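A.B. asks: Structure in structure tokens, see below.
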Amino acid sequence: MFTLSQKTAVITGAGKGIGKSIAQLFARQGADVHILDLDEESGQQAAAEINDAGGDAHYYCVNVADQQAVLDAFDQVYDTHNRLNILVNNAGIAHIGTLENTTEEDMDRLLSVNVKGVYNCSLAGVKKMKESGGGAIVNMASIAATLGIPERFAYSTTKGAVLTMTYSIAKDYIGDGIRCNAISPARVHTPFVDGYLEENYPGQEDEMFEKLSKTQPIGRMGKPEEIAGLALYLCSDESAFITGSNYTIDGGFTTLNT
């Protein structure tokens with residue numbers, strides 16, 4: 001079960017964190033993995049680690065907000081394997097702030113990556129999947145897409161857009177054999193979390209990490225590999241009856257907090 005043998009996957013933002021775990025797991029399950037990431041050092045390292053472990057990975061230095069760069073990269077992927085079966089739109093950036101302290105520059109930056117980036121990659125991906133006879137798309141949304149989270153105005157706005165794009169793609173391309181679903185995590189322990197704590201709470205990292213962990217009823221943050229496991233299911237043939245759905249993976253945050 002859950003084999004991805006003879007499948008080609010593009011994963012954006014896979015140089016580190018959740019995206020890297022997804023790329024590693026997909027490669028272990030037999031997929032040809034193509035990593036799109038603007039951070040050249042981490043992207044190359046992620047691909048090298050997969051190849052060293054016996055997998056098949058390729059890296060492309062791409063800004064997902066640049067449509068032509070995205071289209072060119074997808075052309076290269078398709079030309080390499082003559083197929084595209086899986087797309088995981090994981091690349092994204094965060095911002096902490098309310099409406100009043102979100103600048104126009106902040107808003108434009110998040111929209112360009114989190115919304116336009118998903119649009120660009122989905123546009124390129126759908127075209128190649130239609131030529132391949134179908135495929136599976138997973139968009140990384142967030143619990144912030146459906147809940148009011150303090151000081152996440154711009155981030156919540158963009159993740160709400162990701163969720164509704166998911167529904168539109170699923171509806172419009174179901175006849176082409178293309179499925180599209182979303183994953184909405186709560187807090188996941190990634191390098192972003194560590195960097196945020198170091199920058200904003202120097203000397204109090206452990207205390208704040210524990211505090212943030214306990215906001216989730218299960219008592220801890222999620223692990224990137226746990227998100228990867230759900231992504232694997234949604235991109236495998238075992239989930240062939242699932243499209244247009246949003247899966248929360250949040251340690252009970254959305255339903256058990258009182």
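Ordering of the structure tokens sets the chain letters (A, B, ...); residue numbers start at 1 within each chain; ligands are numbered from 1 in the order shown.
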So that I can check the surroundings of Ala228 of chain A, please list as a list of chain:residue names every protein, DNA and RNA residue that reaches within 7 Å of it, counting only C-alpha atoms and ignoring chain neighbours fewer than 3 positions away.
C.D. replies: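 The filter keeps A:Ile18, A:Ser21, A:Ile22, A:Leu25, A:Pro224, A:Glu225, A:Ala231, A:Leu232.
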A.B. asks: Once you have the residues from the selection above, write them out as a CSV table (one decimal), in the first residue's frame, restricted to N, CA and C atoms.
C.D. replies:
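Written file, result05.csv:
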```csv
chain,number,residue,atom,x,y,z
A,18,ILE,N,8.4,20.8,6.7
A,18,ILE,CA,7.4,19.9,6.3
A,18,ILE,C,7.7,19.4,4.9
A,21,SER,N,10.3,16.7,4.7
A,21,SER,CA,9.8,15.4,5.1
A,21,SER,C,8.9,14.8,4.1
A,22,ILE,N,8.1,15.6,3.4
A,22,ILE,CA,7.3,15.0,2.4
A,22,ILE,C,8.1,14.5,1.2
A,25,LEU,N,9.8,11.2,2.3
A,25,LEU,CA,8.9,10.0,2.4
A,25,LEU,C,8.4,9.6,1.0
A,224,PRO,N,7.0,17.2,11.4
A,224,PRO,CA,6.9,17.2,10.0
A,224,PRO,C,6.6,15.9,9.3
A,225,GLU,N,7.1,14.8,9.9
A,225,GLU,CA,6.9,13.5,9.3
A,225,GLU,C,5.4,13.1,9.4
A,231,ALA,N,0.0,13.5,3.7
A,231,ALA,CA,0.3,13.9,2.3
A,231,ALA,C,0.5,12.7,1.4
A,232,LEU,N,1.2,11.7,2.0
A,232,LEU,CA,1.4,10.5,1.2
A,232,LEU,C,0.1,9.8,0.9
```
A.B. asks: Where in segment 52-139 of chain A does DSSP assign alpha helix (DSSP H), given as an NGL selection string?
C.D. replies: :A and (52 or 67-81 or 104-110 or 116-132)
A.B. asks: Set the distance at 10 Å and use only C-alpha atoms: which residues neighbour Leu234 of chain A once local chain neighbours fewer than 2 positions away are removed? I'd like the list as a list in words.
C.D. replies: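 Here the answer would be Phe2, Ile86, Ala136, Ile137, Val138, Arg179, Cys180, Asn181, Ala182, Ile183, Ala228, Gly229, Leu230, Ala231, Leu232, Ser236, Asp237, Glu238, Ser239, Ala240, Phe241, Ile242, Thr243, Ser245 and Tyr247 of chain A.
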A.B. asks: Between A:Asp250, A:Asp39, A:Asp56, A:Glu104, which one has atoms that come closest to Gln6 of chain A, using only C-alpha atoms?
C.D. replies: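 Going through A:Asp250, A:Asp39, A:Asp56, A:Glu104 one by one, the smallest distance to Gln6 of chain A is for A:Asp56.
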A.B. asks: Quick one: pull the distance between atom CA of Leu147 of chain A and atom CA of Gly17 of chain A, Å, one decimal.
C.D. replies: 23.1 Å
A.B. asks: If we count only C-alpha atoms and set the cut-off at 9 Å, which residues sit around Lys128 of chain A, ignoring sequence neighbours fewer than 6 positions away in its own chain? Please answer as a VMD selection string.
C.D. replies: chain A and resid 74 to 75 78 83 to 85 134
A.B. asks: Find the residues around Ser184 of chain A up to 8 Å (only C-alpha atoms counted), leave out those fewer than 2 positions away in its own chain, and share them as a ChimeraX atom specification.
C.D. replies: /A:140-143,145,182,186,246-250
A.B. asks: Let me see the file: selected residues, C-alpha atoms, as a tab-separated table (two decimals), in the first residue's frame.
C.D. replies:
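What landed in result_36.tsv:
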```tsv
chain	number	residue	atom	x	y	z
A	140	MET	CA	-0.77	23.14	2.36
A	141	ALA	CA	-3.36	25.35	4.03
A	142	SER	CA	-3.59	25.90	7.79
A	143	ILE	CA	-6.07	25.91	10.65
A	145	ALA	CA	-7.79	29.33	7.05
A	182	ALA	CA	-5.83	20.51	1.33
A	186	ALA	CA	-1.78	23.52	13.55
A	246	ASN	CA	-9.65	19.74	3.75
A	247	TYR	CA	-7.90	17.68	6.40
A	248	THR	CA	-7.04	19.25	9.74
A	249	ILE	CA	-4.06	17.70	11.51
A	250	ASP	CA	-3.87	19.71	14.69
```
A.B. asks: Using backbone DSSP assignments, extract all strand (DSSP E) residues from segment 73-222 of chain A; output them as a ChimeraX atom specification.
C.D. replies: /A:86-89,135-140,178-185
A.B. asks: Using only C-alpha atoms, find the one residue out of A:Val64, A:Ala46, A:Val70, A:Ile169 that sits nearest to Arg109 of chain A.
C.D. replies: A:Val64
A.B. asks: Looking at A:Ser132, A:Ser213, A:Gln76, A:Ser122, which one is nearest to Val162 of chain A, with distances taken over only C-alpha atoms?
C.D. replies: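 Among the listed residues, the smallest separation from Val162 of chain A belongs to A:Ser122.
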A.B. asks: Quick one: residues within 9 Å of Cys121 of chain A, only C-alpha atoms, excluding same-chain residues fewer than 5 positions away - as a ChimeraX atom specification?
C.D. replies: /A:12,64-65,67,70-71,74,87,89,116,126
A.B. asks: Find the distance between atom CA of Asn114 of chain A and atom CA of Gly92 of chain A and write it in Å to one decimal.
C.D. replies: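 Computing the Euclidean distance for atom CA of Asn114 of chain A and atom CA of Gly92 of chain A yields 5.0 Å.
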A.B. asks: Would you kindly return, as a list in words, each protein, DNA or RNA residue with an atom no farther than 12 Å from any atom of Gly195 of chain A, considering only C-alpha atoms and excluding same-chain residues fewer than 6 positions away?
C.D. replies: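 Selected residues are His189, Tyr201, Pro202, Glu205 and Phe209 of chain A.
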A.B. asks: Could you save those same residues with all heavy atoms as a PDB file, in the first residue's frame?
C.D. replies:
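File result.pdb, as written:
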```pdb
ATOM      1  N   HIS A 189       6.541  21.574  14.630  1.00  0.00           N
ATOM      2  CA  HIS A 189       7.902  21.946  15.015  1.00  0.00           C
ATOM      3  C   HIS A 189       8.823  21.880  13.805  1.00  0.00           C
ATOM      4  O   HIS A 189       9.244  20.808  13.376  1.00  0.00           O
ATOM      5  CB  HIS A 189       8.422  21.020  16.120  1.00  0.00           C
ATOM      6  CG  HIS A 189       9.739  21.471  16.667  1.00  0.00           C
ATOM      7  ND1 HIS A 189      10.532  20.674  17.459  1.00  0.00           N
ATOM      8  CD2 HIS A 189      10.419  22.654  16.540  1.00  0.00           C
ATOM      9  CE1 HIS A 189      11.626  21.316  17.784  1.00  0.00           C
ATOM     10  NE2 HIS A 189      11.584  22.530  17.240  1.00  0.00           N
ATOM     11  N   TYR A 201      12.181  35.660  21.536  1.00  0.00           N
ATOM     12  CA  TYR A 201      12.251  35.315  22.950  1.00  0.00           C
ATOM     13  C   TYR A 201      13.648  34.807  23.322  1.00  0.00           C
ATOM     14  O   TYR A 201      13.806  33.690  23.814  1.00  0.00           O
ATOM     15  CB  TYR A 201      11.197  34.253  23.302  1.00  0.00           C
ATOM     16  CG  TYR A 201       9.788  34.694  23.006  1.00  0.00           C
ATOM     17  CD1 TYR A 201       9.160  34.320  21.820  1.00  0.00           C
ATOM     18  CD2 TYR A 201       9.084  35.507  23.897  1.00  0.00           C
ATOM     19  CE1 TYR A 201       7.863  34.726  21.532  1.00  0.00           C
ATOM     20  CE2 TYR A 201       7.795  35.932  23.617  1.00  0.00           C
ATOM     21  CZ  TYR A 201       7.190  35.537  22.432  1.00  0.00           C
ATOM     22  OH  TYR A 201       5.909  35.946  22.151  1.00  0.00           O
ATOM     23  N   PRO A 202      14.690  35.611  23.071  1.00  0.00           N
ATOM     24  CA  PRO A 202      16.052  35.159  23.389  1.00  0.00           C
ATOM     25  C   PRO A 202      16.195  34.845  24.878  1.00  0.00           C
ATOM     26  O   PRO A 202      15.779  35.635  25.728  1.00  0.00           O
ATOM     27  CB  PRO A 202      16.922  36.352  22.979  1.00  0.00           C
ATOM     28  CG  PRO A 202      16.006  37.529  22.974  1.00  0.00           C
ATOM     29  CD  PRO A 202      14.665  37.002  22.574  1.00  0.00           C
ATOM     30  N   GLU A 205      13.640  30.512  25.063  1.00  0.00           N
ATOM     31  CA  GLU A 205      13.176  29.622  23.993  1.00  0.00           C
ATOM     32  C   GLU A 205      12.456  28.388  24.534  1.00  0.00           C
ATOM     33  O   GLU A 205      11.372  28.030  24.057  1.00  0.00           O
ATOM     34  CB  GLU A 205      14.354  29.185  23.114  1.00  0.00           C
ATOM     35  CG  GLU A 205      14.930  30.306  22.255  1.00  0.00           C
ATOM     36  CD  GLU A 205      16.070  31.026  22.928  1.00  0.00           C
ATOM     37  OE1 GLU A 205      16.205  30.891  24.174  1.00  0.00           O
ATOM     38  OE2 GLU A 205      16.839  31.701  22.229  1.00  0.00           O
ATOM     39  N   PHE A 209       8.604  27.569  23.957  1.00  0.00           N
ATOM     40  CA  PHE A 209       8.298  26.373  23.173  1.00  0.00           C
ATOM     41  C   PHE A 209       7.282  25.506  23.897  1.00  0.00           C
ATOM     42  O   PHE A 209       6.321  25.009  23.299  1.00  0.00           O
ATOM     43  CB  PHE A 209       9.578  25.572  22.903  1.00  0.00           C
ATOM     44  CG  PHE A 209       9.355  24.342  22.073  1.00  0.00           C
ATOM     45  CD1 PHE A 209       9.315  24.429  20.684  1.00  0.00           C
ATOM     46  CD2 PHE A 209       9.161  23.099  22.662  1.00  0.00           C
ATOM     47  CE1 PHE A 209       9.097  23.300  19.902  1.00  0.00           C
ATOM     48  CE2 PHE A 209       8.944  21.969  21.894  1.00  0.00           C
ATOM     49  CZ  PHE A 209       8.917  22.065  20.511  1.00  0.00           C
TER      50      PHE A 209
END
```
A.B. asks: Using only C-alpha atoms, which of A:Asn120, A:Asn63, A:Thr157, A:Thr3 sits nearest Gly97 of chain A?
C.D. replies: A:Thr157
A.B. asks: Using only C-alpha atoms, pick whichever of A:Asp172, A:Gly222, A:Val10, A:Thr166 has the shortest atom-to-atom distance to Gly125 of chain A.
C.D. replies: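 Of A:Asp172, A:Gly222, A:Val10, A:Thr166, the one nearest Gly125 of chain A, counting only C-alpha atoms, is A:Val10.
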A.B. asks: Which residue, A:Gln68, A:Ser42, A:Asn257, A:Asn101, has the smallest gap to Thr215 of chain A when you use only C-alpha atoms?
C.D. replies: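 Looking at the shortest contact to Thr215 of chain A, the residue is A:Asn257.
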A.B. asks: Could you work out how far atom CA of Leu197 of chain A lies from atom CA of Ile218 of chain A, giving the answer in Å with one decimal?
C.D. replies: 21.0 Å
